[in-house]
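**Q** This is the content of work_30.txt (compact mmCIF, C-alpha atoms):
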# COMPACT_ATOMS: atom_id res chain seq x y z
CA MET A 11 121.61 -109.28 9.02
CA GLN A 12 122.62 -105.63 8.90
CA THR A 13 119.88 -103.91 6.99
CA ASN A 14 119.22 -100.38 5.99
CA VAL A 15 115.65 -100.28 4.81
CA ASN A 16 114.32 -97.07 3.32
CA LEU A 17 110.69 -97.44 2.48
CA ILE A 18 109.19 -94.65 0.40
CA GLU A 19 105.48 -94.85 0.95
CA SER A 20 104.21 -92.44 -1.68
CA LEU A 21 105.56 -92.94 -5.18
CA GLY A 22 105.35 -89.93 -7.40
CA PRO A 23 105.28 -89.87 -11.18
CA ASP A 24 109.08 -89.97 -11.30
CA ALA A 25 111.22 -92.96 -10.44
CA ALA A 26 111.48 -93.63 -6.74
CA LYS A 27 113.31 -96.13 -4.64
CA ILE A 28 111.00 -98.59 -2.91
CA VAL A 29 113.61 -100.32 -0.81
CA GLU A 30 117.37 -100.66 -0.38
CA ILE A 31 118.97 -103.41 1.67
CA ARG A 32 122.63 -104.07 2.41
CA PHE A 33 123.52 -107.43 3.82
CA ARG A 34 126.20 -110.05 4.24
CA PRO A 35 126.04 -112.86 1.66
CA PHE A 36 124.38 -115.52 3.81
CA TRP A 37 122.20 -117.92 1.85
CA GLU A 38 119.65 -117.89 4.67
CA TYR A 39 118.92 -114.19 4.08
CA ILE A 40 117.76 -114.72 0.50
CA GLU A 41 114.35 -116.07 1.44
CA ALA A 42 113.63 -113.22 3.84
CA ILE A 43 114.63 -110.59 1.27
CA ARG A 44 112.62 -112.36 -1.43
CA HIS A 45 109.50 -112.30 0.76
CA LEU A 46 110.06 -108.65 1.64
CA GLY A 47 110.46 -107.68 -2.02
CA GLU A 48 107.37 -109.59 -3.06
CA SER A 49 105.28 -108.15 -0.26
CA LEU A 50 106.39 -104.56 -0.88
CA CYS A 51 105.69 -104.83 -4.60
CA GLN A 52 102.28 -106.41 -4.10
CA THR A 53 101.43 -103.63 -1.66
CA THR A 54 102.83 -100.90 -3.92
CA PHE A 55 101.29 -102.06 -7.18
CA GLY A 56 98.27 -103.98 -5.91
CA ALA A 57 99.03 -106.78 -8.34
CA SER A 58 100.22 -110.20 -7.27
CA ALA A 59 101.74 -110.82 -10.71
CA VAL A 60 104.32 -108.07 -10.18
CA GLY A 61 105.20 -109.44 -6.76
CA GLU A 62 105.56 -112.91 -8.24
CA ARG A 63 107.97 -111.65 -10.91
CA VAL A 64 109.95 -109.61 -8.42
CA GLN A 65 110.45 -112.52 -6.03
CA LEU A 66 111.73 -114.67 -8.88
CA VAL A 67 114.24 -112.03 -9.99
CA ILE A 68 115.40 -111.46 -6.41
CA GLN A 69 115.90 -115.18 -5.76
CA GLU A 70 117.86 -115.90 -8.92
CA ALA A 71 119.99 -112.75 -8.77
CA LEU A 72 120.81 -113.10 -5.07
CA GLU A 73 121.63 -116.80 -5.40
CA ASN A 74 124.29 -115.90 -7.95
CA ALA A 75 125.60 -113.00 -5.89
CA VAL A 76 125.82 -115.09 -2.71
CA LYS A 77 127.33 -118.18 -4.37
CA TYR A 78 130.06 -116.26 -6.15
CA SER A 79 130.89 -113.51 -3.69
CA ASP A 80 134.63 -112.83 -4.00
CA ALA A 81 135.28 -111.87 -0.40
CA GLY A 82 133.11 -114.58 1.10
CA LEU A 83 131.08 -113.59 4.11
CA GLU A 84 133.01 -110.30 4.51
CA GLU A 85 131.45 -108.99 1.32
CA GLU A 86 128.51 -106.62 1.44
CA LEU A 87 125.74 -107.07 -1.09
CA GLU A 88 123.19 -104.41 -1.90
CA ILE A 89 119.78 -104.79 -3.44
CA THR A 90 117.49 -101.97 -4.49
CA ILE A 91 113.99 -102.00 -5.92
CA SER A 92 112.86 -98.84 -7.69
CA SER A 93 109.92 -97.98 -9.84
CA SER A 94 108.38 -95.33 -12.01
CA SER A 95 104.82 -95.17 -13.22
CA GLU A 96 105.57 -97.64 -15.98
CA SER A 97 108.52 -99.75 -14.99
CA ILE A 98 110.25 -101.50 -12.14
CA GLU A 99 113.97 -102.01 -11.65
CA ILE A 100 115.82 -104.38 -9.34
CA THR A 101 119.58 -103.95 -8.95
CA ILE A 102 122.03 -106.17 -7.13
CA ALA A 103 125.52 -104.88 -6.37
CA SER A 104 128.21 -107.41 -5.50
CA LYS A 105 131.85 -108.30 -6.04
CA PRO A 106 132.04 -111.63 -7.87
CA THR A 107 135.11 -113.74 -8.36
CA PRO A 108 136.90 -112.99 -11.66
CA GLU A 109 135.85 -116.41 -12.97
CA ASP A 110 132.21 -115.74 -12.16
CA LEU A 111 132.35 -112.29 -13.68
CA GLU A 112 133.61 -113.88 -16.88
CA ARG A 113 130.80 -116.47 -16.76
CA LEU A 114 128.26 -113.73 -16.11
CA ARG A 115 129.44 -111.66 -19.07
CA ALA A 116 129.40 -114.72 -21.33
CA GLU A 117 125.92 -115.75 -20.19
CA LEU A 118 124.47 -112.28 -20.66
CA ASN A 119 126.01 -112.19 -24.10
CA TRP A 120 124.61 -115.66 -24.89
CA ILE A 121 121.03 -114.87 -23.89
CA GLY A 122 121.10 -111.23 -25.00
CA GLY A 123 120.96 -112.00 -28.70
CA LYS A 124 117.89 -114.20 -28.41
CA ASP A 125 114.28 -113.49 -27.57
CA PRO A 126 113.54 -114.46 -23.95
CA GLN A 127 111.52 -117.60 -24.68
CA THR A 128 114.02 -118.98 -27.18
CA ALA A 129 116.89 -118.29 -24.80
CA TYR A 130 115.11 -120.07 -21.95
CA ILE A 131 114.27 -123.15 -23.99
CA GLU A 132 117.88 -123.30 -25.18
CA ALA A 133 119.02 -123.01 -21.57
CA PHE A 134 116.74 -125.98 -20.78
CA LYS A 135 118.41 -127.97 -23.56
CA ARG A 136 121.84 -127.03 -22.27
CA ALA A 137 120.90 -128.16 -18.75
CA ALA A 138 119.51 -131.42 -20.13
CA ASP A 139 122.75 -132.02 -22.05
CA THR A 140 124.95 -131.48 -18.98
CA PRO A 141 123.63 -133.78 -16.26
CA GLY A 142 125.18 -133.10 -12.87
CA GLY A 143 126.43 -129.67 -13.86
CA SER A 144 125.19 -126.30 -12.74
CA ALA A 145 121.66 -125.54 -13.96
CA ARG A 146 122.65 -122.15 -15.46
CA LEU A 147 118.98 -121.33 -15.94
CA GLY A 148 118.80 -118.30 -13.66
CA LEU A 149 119.54 -115.38 -15.97
CA ALA A 150 117.48 -116.74 -18.86
CA ARG A 151 114.67 -117.45 -16.41
CA MET A 152 114.77 -113.89 -15.08
CA ARG A 153 114.32 -112.55 -18.61
CA PHE A 154 111.59 -114.96 -19.69
CA GLU A 155 109.57 -115.60 -16.56
CA GLY A 156 110.44 -112.36 -14.77
CA LYS A 157 109.86 -110.35 -17.96
CA VAL A 158 112.89 -108.13 -17.41
CA GLU A 159 115.83 -107.01 -19.48
CA LEU A 160 119.23 -107.41 -17.86
CA SER A 161 122.26 -105.15 -17.94
CA LEU A 162 125.61 -105.16 -16.20
CA ASP A 163 127.69 -102.24 -14.94
CA GLU A 164 131.26 -102.83 -13.80
CA THR A 165 133.56 -100.62 -11.74
CA LYS A 166 137.35 -100.65 -11.54
CA ASP A 167 137.40 -102.15 -8.05
CA GLY A 168 135.74 -105.30 -9.37
CA ARG A 169 132.26 -104.55 -8.08
CA ILE A 170 129.34 -105.02 -10.41
CA ARG A 171 125.71 -103.96 -10.53
CA LEU A 172 123.28 -106.29 -12.26
CA SER A 173 120.09 -104.48 -13.23
CA ALA A 174 116.80 -106.10 -14.13
CA ARG A 175 114.21 -103.75 -15.60
CA GLY A 176 110.72 -104.52 -16.83
CA ALA A 177 107.31 -103.03 -17.40
CA ILE A 178 104.85 -103.07 -14.52
CA MET B 20 102.79 -151.80 0.26
CA SER B 21 105.26 -151.59 -2.63
CA ALA B 22 108.80 -150.26 -2.49
CA ILE B 23 107.60 -146.94 -3.92
CA SER B 24 105.94 -145.98 -0.66
CA LYS B 25 109.03 -147.00 1.26
CA VAL B 26 111.37 -144.60 -0.48
CA MET B 27 112.59 -142.28 2.26
CA VAL B 28 111.18 -138.79 1.85
CA PRO B 29 113.75 -136.13 2.81
CA LYS B 30 112.74 -133.62 5.49
CA ILE B 31 113.19 -130.07 4.24
CA ASP B 32 111.97 -126.86 5.83
CA GLY B 33 109.03 -125.37 3.97
CA LEU B 34 108.45 -128.45 1.86
CA SER B 35 106.32 -131.55 2.18
CA MET B 36 106.31 -134.52 -0.17
CA ALA B 37 104.10 -137.59 0.00
CA VAL B 38 103.44 -140.57 -2.22
CA ASP B 39 99.72 -141.40 -2.47
CA ASN B 40 98.25 -144.62 -3.85
CA GLU B 41 101.66 -145.73 -5.17
CA THR B 42 101.17 -143.67 -8.33
CA ARG B 43 101.22 -140.04 -7.30
CA LEU B 44 103.73 -137.79 -5.60
CA ALA B 45 102.32 -134.59 -4.12
CA ILE B 46 104.80 -131.77 -3.48
CA ARG B 47 103.72 -128.78 -1.39
CA GLY B 48 105.54 -125.64 -0.28
CA THR B 49 108.65 -124.06 -1.78
CA ILE B 50 112.06 -125.24 -2.94
CA ALA B 51 114.77 -122.60 -2.69
CA THR B 52 117.64 -124.50 -1.13
CA ARG B 53 121.19 -124.20 -2.37
CA GLU B 54 121.68 -127.76 -3.61
CA PRO B 55 118.32 -129.51 -3.87
CA ASN B 56 119.92 -132.24 -5.97
CA GLN B 57 121.57 -133.59 -2.81
CA ASN B 58 118.31 -134.54 -1.13
CA ILE B 59 115.27 -133.96 -3.35
CA GLY B 60 117.18 -135.02 -6.46
CA LEU B 61 118.28 -138.27 -4.81
CA PHE B 62 114.70 -138.87 -3.68
CA PHE B 63 113.42 -138.42 -7.25
CA GLN B 64 116.13 -140.75 -8.51
CA LYS B 65 115.15 -143.52 -6.05
CA LEU B 66 111.47 -143.00 -6.83
CA HIS B 67 112.18 -143.26 -10.56
CA ALA B 68 114.11 -146.52 -9.99
CA GLU B 69 111.24 -148.02 -7.95
CA ILE B 70 108.64 -146.99 -10.53
CA ILE B 71 110.69 -148.82 -13.17
CA ALA B 72 111.15 -151.85 -10.92
CA ALA B 73 107.41 -151.99 -10.23
CA HIS B 74 106.64 -151.76 -13.97
CA LEU B 75 104.15 -148.96 -13.38
CA PRO B 76 102.68 -147.69 -16.65
CA ALA B 77 102.19 -144.17 -15.32
CA PHE B 78 103.21 -141.87 -12.49
CA PHE B 79 101.80 -138.48 -11.51
CA VAL B 80 103.61 -135.59 -9.81
CA ASP B 81 101.20 -133.06 -8.35
CA VAL B 82 102.90 -129.68 -7.99
CA THR B 83 99.75 -127.56 -7.75
CA GLU B 84 100.72 -126.51 -4.22
CA LEU B 85 104.41 -126.06 -4.94
CA THR B 86 104.27 -122.30 -4.99
CA PHE B 87 107.88 -121.28 -5.62
CA VAL B 88 111.08 -122.94 -6.82
CA ASN B 89 114.56 -121.74 -7.72
CA SER B 90 116.24 -122.73 -10.96
CA SER B 91 118.22 -125.47 -9.21
CA ALA B 92 114.88 -127.09 -8.41
CA ILE B 93 113.69 -126.73 -11.99
CA ARG B 94 116.77 -128.67 -12.95
CA LEU B 95 115.47 -131.60 -10.87
CA PHE B 96 112.41 -131.89 -13.10
CA ILE B 97 114.58 -131.65 -16.22
CA ASP B 98 116.80 -134.43 -14.86
CA TRP B 99 113.80 -136.68 -14.11
CA ALA B 100 112.48 -136.18 -17.64
CA MET B 101 115.91 -136.95 -19.10
CA TRP B 102 116.30 -140.20 -17.10
CA LEU B 103 113.04 -141.30 -18.65
CA ASN B 104 113.95 -140.05 -22.11
CA GLN B 105 117.17 -142.05 -22.10
CA MET B 106 115.37 -145.33 -21.40
CA PRO B 107 114.20 -147.77 -24.09
CA VAL B 108 110.68 -146.80 -25.17
CA THR B 109 109.24 -150.14 -24.04
CA GLU B 110 110.49 -149.64 -20.48
CA ARG B 111 109.26 -146.09 -20.01
CA TYR B 112 106.32 -145.03 -17.91
CA ARG B 113 104.09 -142.04 -18.57
CA LEU B 114 105.21 -139.14 -16.36
CA THR B 115 102.50 -136.53 -15.84
CA PHE B 116 102.90 -133.28 -13.94
CA ILE B 117 99.66 -131.94 -12.50
CA THR B 118 100.11 -128.18 -12.45
CA SER B 119 98.23 -125.04 -11.52
CA ARG B 120 97.27 -122.55 -14.21
CA ASN B 121 97.49 -119.81 -11.58
CA ILE B 122 101.17 -120.24 -10.72
CA THR B 123 103.39 -118.62 -13.32
CA TRP B 124 106.53 -120.67 -12.75
CA GLN B 125 104.55 -123.83 -13.46
CA THR B 126 103.00 -122.69 -16.72
CA THR B 127 106.29 -121.35 -18.10
CA ASN B 128 108.58 -124.14 -16.97
CA PHE B 129 106.47 -127.21 -17.70
CA SER B 130 105.69 -125.76 -21.09
CA ALA B 131 109.45 -125.42 -21.69
CA LEU B 132 109.96 -128.99 -20.45
CA ARG B 133 107.30 -130.26 -22.85
CA SER B 134 109.05 -128.50 -25.71
CA LEU B 135 112.21 -130.37 -24.77
CA VAL B 136 110.85 -133.88 -24.12
CA GLY B 137 107.16 -133.81 -24.95
CA ASN B 138 107.39 -137.48 -25.90
CA VAL B 139 107.91 -138.58 -22.29
CA VAL B 140 106.47 -135.78 -20.13
CA TYR B 141 102.82 -134.80 -19.95
CA VAL B 142 101.19 -131.86 -18.19
CA GLU B 143 97.69 -131.64 -16.76
CA PRO B 144 96.93 -128.03 -15.82
CA LYS B 145 94.31 -127.50 -13.11
CA GLU B 146 92.40 -124.45 -11.93
CA GLY B 147 92.11 -123.61 -8.27
CA ALA B 148 95.46 -123.59 -6.55
CA SER B 149 97.13 -120.20 -6.35
CA ALA B 150 100.52 -118.82 -5.40
Here is the file; what I need is its structure written in the form of structure tokens.

**A**
Amino acid sequence: MQTNVNLIESLGPDAAKIVEIRFRPFWEYIEAIRHLGESLCQTTFGASAVGERVQLVIQEALENAVKYSDAGLEEELEITISSSSESIEITIASKPTPEDLERLRAELNWIGGKDPQTAYIEAFKRAADTPGGSARLGLARMRFEGKVELSLDETKDGRIRLSARGAI
Amino acid sequence: MSAISKVMVPKIDGLSMAVDNETRLAIRGTIATREPNQNIGLFFQKLHAEIIAAHLPAFFVDVTELTFVNSSAIRLFIDWAMWLNQMPVTERYRLTFITSRNITWQTTNFSALRSLVGNVVYVEPKEGASA
């Protein structure tokens, strides 16, 4: 794994980056990055609940990014975790396949109009109604269990940045 | 020893599963593999079939030490509940998940599962275990 880790030890009142990692989309890296994110957040905020939420968001977001990376293993993914005194933000930059980008847009649109709990329970029903298919629980789970709001930025070269922001 | 204890438990890094007393499956560790349906899901499916064949009235799944799962793993629990839900009422067994109040994914997800199929799935929250 090629990593570029910038750890800012003292967080001021303004937003500051806690960590930034660039890596190839190997599934095996997800667990290591999840543990790192959880550990850094627990250390930074002194609250295991924040670390628990962060590891969930990292796992679900990176699973999607790795599964649907357009350029396969040649792609470079980037994850950042930043915080201010009141909020935390996790961003994942990747280049999905056009089909996945379409699915991602549709899913964000589907869950965006509902409150997080309702959206998650409806995602459960959808999974129950489609045995053998993809779970498609990840984004709704991030919102409900991770207590974050999701947004998507797209660039002309097909890269995207999925942001998950929530209160600390 | 009944066929339930003979169902082959898959070996997965970071995860241990064991059937105790023919009526309880204990799952410990984490599930974050890419396609858990291909091993853990098949194991659950065989276990479910043997529970039916043995005419057990109840089965317990203890997840109090299952500290983290991805959404593909959550799907496994939804699938198990749906297999049961699709059976005739007279052939069903009572499926109870023993959970930890201290592990967030368990409180949120088993509550959601209950809202979906509360007629076949039961949850017994316990204190003590922690993430």

**Q** Give me, as a Markdown table, each residue of chain A that comes within 12 Å of chain B, together with its shortest interatomic pair and the distance in Å at one decimal, counting only C-alpha atoms, with rows ordered by chain and rising residue number.

**A**
| residue | atom | partner | partner_atom | distance |
| --- | --- | --- | --- | --- |
| A:Phe36 | CA | B:Arg53 | CA | 11.1 |
| A:Trp37 | CA | B:Arg53 | CA | 7.6 |
| A:Glu38 | CA | B:Thr52 | CA | 9.0 |
| A:Tyr39 | CA | B:Ala51 | CA | 11.6 |
| A:Ile40 | CA | B:Ala51 | CA | 9.0 |
| A:Glu41 | CA | B:Ala51 | CA | 7.7 |
| A:Ala42 | CA | B:Ala51 | CA | 11.5 |
| A:Arg44 | CA | B:Ala51 | CA | 10.5 |
| A:His45 | CA | B:Phe87 | CA | 11.1 |
| A:Glu48 | CA | B:Ala150 | CA | 11.7 |
| A:Ser58 | CA | B:Ala150 | CA | 8.8 |
| A:Ala59 | CA | B:Thr123 | CA | 8.4 |
| A:Val60 | CA | B:Thr123 | CA | 11.0 |
| A:Gly61 | CA | B:Ala150 | CA | 10.6 |
| A:Glu62 | CA | B:Thr123 | CA | 7.9 |
| A:Arg63 | CA | B:Thr123 | CA | 8.7 |
| A:Gln65 | CA | B:Phe87 | CA | 9.1 |
| A:Leu66 | CA | B:Asn89 | CA | 7.7 |
| A:Val67 | CA | B:Asn89 | CA | 10.0 |
| A:Ile68 | CA | B:Asn89 | CA | 10.4 |
| A:Gln69 | CA | B:Asn89 | CA | 7.0 |
| A:Glu70 | CA | B:Asn89 | CA | 6.8 |
| A:Ala71 | CA | B:Asn89 | CA | 10.6 |
| A:Leu72 | CA | B:Asn89 | CA | 11.0 |
| A:Glu73 | CA | B:Arg53 | CA | 8.0 |
| A:Asn74 | CA | B:Arg53 | CA | 10.5 |
| A:Val76 | CA | B:Arg53 | CA | 10.2 |
| A:Lys77 | CA | B:Arg53 | CA | 8.8 |
| A:Pro126 | CA | B:Thr127 | CA | 11.6 |
| A:Gln127 | CA | B:Ala131 | CA | 8.6 |
| A:Thr128 | CA | B:Ala131 | CA | 9.6 |
| A:Ala129 | CA | B:Ala131 | CA | 10.8 |
| A:Tyr130 | CA | B:Ala131 | CA | 7.8 |
| A:Ile131 | CA | B:Ala131 | CA | 5.8 |
| A:Glu132 | CA | B:Leu135 | CA | 9.1 |
| A:Ala133 | CA | B:Ala131 | CA | 9.9 |
| A:Phe134 | CA | B:Ala131 | CA | 7.4 |
| A:Lys135 | CA | B:Leu135 | CA | 6.8 |
| A:Arg136 | CA | B:Leu135 | CA | 10.5 |
| A:Ala137 | CA | B:Arg94 | CA | 7.1 |
| A:Ala138 | CA | B:Ile97 | CA | 6.3 |
| A:Asp139 | CA | B:Met101 | CA | 8.9 |
| A:Thr140 | CA | B:Asp98 | CA | 9.6 |
| A:Pro141 | CA | B:Asp98 | CA | 7.0 |
| A:Gly142 | CA | B:Asp98 | CA | 8.7 |
| A:Gly143 | CA | B:Arg94 | CA | 9.8 |
| A:Ser144 | CA | B:Ser91 | CA | 7.9 |
| A:Ala145 | CA | B:Ser91 | CA | 5.9 |
| A:Arg146 | CA | B:Ser90 | CA | 7.9 |
| A:Leu147 | CA | B:Ser90 | CA | 5.9 |
| A:Gly148 | CA | B:Ser90 | CA | 5.8 |
| A:Leu149 | CA | B:Ser90 | CA | 9.5 |
| A:Ala150 | CA | B:Ser90 | CA | 10.0 |
| A:Arg151 | CA | B:Ser90 | CA | 7.7 |
| A:Met152 | CA | B:Ser90 | CA | 9.9 |
| A:Arg153 | CA | B:Thr127 | CA | 11.9 |
| A:Phe154 | CA | B:Thr127 | CA | 8.5 |
| A:Glu155 | CA | B:Thr127 | CA | 6.8 |
| A:Gly156 | CA | B:Trp124 | CA | 9.4 |
| A:Lys157 | CA | B:Thr123 | CA | 11.5 |

**Q** Take the point (113.9, -144.8, -4.2) in the file's coordinates, draw a sphere of radius 8 Å around it, and report as JSON, numbers by chain every protein, DNA or RNA residue with an atom inside or on it, counting only C-alpha atoms.

**A** {"B": [22, 23, 25, 26, 27, 61, 62, 63, 64, 65, 66, 67, 68, 69]}

**Q** If you measure from CA of Asp81 (chain B) to CA of Ala37 (chain B), what distance in Å do you get, rounded to one decimal?

**A** 9.9 Å

**Q** What does the distance between CA of Thr118 (chain B) and CA of Lys145 (chain B) come to in Å, to one decimal place?

**A**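 Between CA of Thr118 (chain B) and CA of Lys145 (chain B) the gap works out to 5.9 Å.
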
**Q** Go through A:Ala103, A:Ala57, A:Ala177, A:Leu50 and flag the residue nearest Leu162 (chain A), using all atoms listed in the file for the distances.

**A** A:Ala103

**Q** Just to confirm, what's the straight-line distance from CA of Gly60 (chain B) to CA of Lys30 (chain B) in Å (one decimal)?

**A**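 These atoms are spaced 12.8 Å apart.
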
**Q** With 8 Å added on each side, what axis-aligned box encloses every listed atom of region 115-122 of chain A? Give the centre and edge lengths in Å to one decimal, as AutoDock Vina command-line options.

**A**
--center_x 125.2 --center_y -113.5 --center_z -22.0 --size_x 24.4 --size_y 20.5 --size_z 21.9

**Q** With distances taken over all atoms listed in the file, which of B:Val139, B:Ile59, B:Val82, B:Val108 is nearest to Arg120 (chain B)?

**A**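 Closest candidate: B:Val82.
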
**Q** Could you check which of A:Leu111, A:Ile43, A:Leu87, A:Ile121 is closest to Glu164 (chain A), using only C-alpha atoms?

**A**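 Of A:Leu111, A:Ile43, A:Leu87, A:Ile121, the one nearest Glu164 (chain A), counting only C-alpha atoms, is A:Leu111.
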
**Q** For region 23-40 of chain A, supply N, CA and C atoms and format the output as a PDB file, in the coordinates of the input.

**A**
ATOM      1  N   PRO A  23     105.212 -89.489  -9.774  1.00  0.00           N
ATOM      2  CA  PRO A  23     105.280 -89.870 -11.180  1.00  0.00           C
ATOM      3  C   PRO A  23     106.701 -90.222 -11.625  1.00  0.00           C
ATOM      4  N   ASP A  24     107.700 -89.672 -10.935  1.00  0.00           N
ATOM      5  CA  ASP A  24     109.080 -89.970 -11.300  1.00  0.00           C
ATOM      6  C   ASP A  24     109.548 -91.236 -10.594  1.00  0.00           C
ATOM      7  N   ALA A  25     110.677 -91.748 -11.052  1.00  0.00           N
ATOM      8  CA  ALA A  25     111.220 -92.960 -10.440  1.00  0.00           C
ATOM      9  C   ALA A  25     111.516 -92.731  -8.962  1.00  0.00           C
ATOM     10  N   ALA A  26     111.243 -93.735  -8.184  1.00  0.00           N
ATOM     11  CA  ALA A  26     111.480 -93.630  -6.740  1.00  0.00           C
ATOM     12  C   ALA A  26     111.947 -94.974  -6.220  1.00  0.00           C
ATOM     13  N   LYS A  27     112.801 -94.902  -5.227  1.00  0.00           N
ATOM     14  CA  LYS A  27     113.310 -96.130  -4.640  1.00  0.00           C
ATOM     15  C   LYS A  27     112.272 -96.691  -3.671  1.00  0.00           C
ATOM     16  N   ILE A  28     111.952 -97.951  -3.830  1.00  0.00           N
ATOM     17  CA  ILE A  28     111.000 -98.590  -2.910  1.00  0.00           C
ATOM     18  C   ILE A  28     111.741 -99.120  -1.688  1.00  0.00           C
ATOM     19  N   VAL A  29     112.865 -99.751  -1.935  1.00  0.00           N
ATOM     20  CA  VAL A  29     113.610-100.320  -0.810  1.00  0.00           C
ATOM     21  C   VAL A  29     115.074-100.502  -1.184  1.00  0.00           C
ATOM     22  N   GLU A  30     115.935-100.389  -0.184  1.00  0.00           N
ATOM     23  CA  GLU A  30     117.370-100.660  -0.380  1.00  0.00           C
ATOM     24  C   GLU A  30     117.838-101.462   0.833  1.00  0.00           C
ATOM     25  N   ILE A  31     118.500-102.556   0.565  1.00  0.00           N
ATOM     26  CA  ILE A  31     118.970-103.410   1.670  1.00  0.00           C
ATOM     27  C   ILE A  31     120.433-103.754   1.435  1.00  0.00           C
ATOM     28  N   ARG A  32     121.243-103.610   2.469  1.00  0.00           N
ATOM     29  CA  ARG A  32     122.630-104.070   2.410  1.00  0.00           C
ATOM     30  C   ARG A  32     122.773-105.219   3.388  1.00  0.00           C
ATOM     31  N   PHE A  33     123.449-106.253   2.952  1.00  0.00           N
ATOM     32  CA  PHE A  33     123.520-107.430   3.820  1.00  0.00           C
ATOM     33  C   PHE A  33     124.735-108.285   3.489  1.00  0.00           C
ATOM     34  N   ARG A  34     125.121-109.096   4.449  1.00  0.00           N
ATOM     35  CA  ARG A  34     126.200-110.050   4.240  1.00  0.00           C
ATOM     36  C   ARG A  34     125.669-111.213   3.384  1.00  0.00           C
ATOM     37  N   PRO A  35     126.540-111.823   2.594  1.00  0.00           N
ATOM     38  CA  PRO A  35     126.040-112.860   1.660  1.00  0.00           C
ATOM     39  C   PRO A  35     125.773-114.216   2.310  1.00  0.00           C
ATOM     40  N   PHE A  36     124.822-114.251   3.228  1.00  0.00           N
ATOM     41  CA  PHE A  36     124.380-115.520   3.810  1.00  0.00           C
ATOM     42  C   PHE A  36     123.202-116.042   2.999  1.00  0.00           C
ATOM     43  N   TRP A  37     123.273-117.300   2.632  1.00  0.00           N
ATOM     44  CA  TRP A  37     122.200-117.920   1.850  1.00  0.00           C
ATOM     45  C   TRP A  37     120.858-117.788   2.569  1.00  0.00           C
ATOM     46  N   GLU A  38     120.881-117.897   3.879  1.00  0.00           N
ATOM     47  CA  GLU A  38     119.650-117.890   4.670  1.00  0.00           C
ATOM     48  C   GLU A  38     118.900-116.553   4.558  1.00  0.00           C
ATOM     49  N   TYR A  39     119.590-115.489   4.186  1.00  0.00           N
ATOM     50  CA  TYR A  39     118.920-114.190   4.080  1.00  0.00           C
ATOM     51  C   TYR A  39     118.085-114.065   2.795  1.00  0.00           C
ATOM     52  N   ILE A  40     118.399-114.890   1.806  1.00  0.00           N
ATOM     53  CA  ILE A  40     117.760-114.720   0.500  1.00  0.00           C
ATOM     54  C   ILE A  40     116.242-114.837   0.607  1.00  0.00           C
TER      55      ILE A  40
END
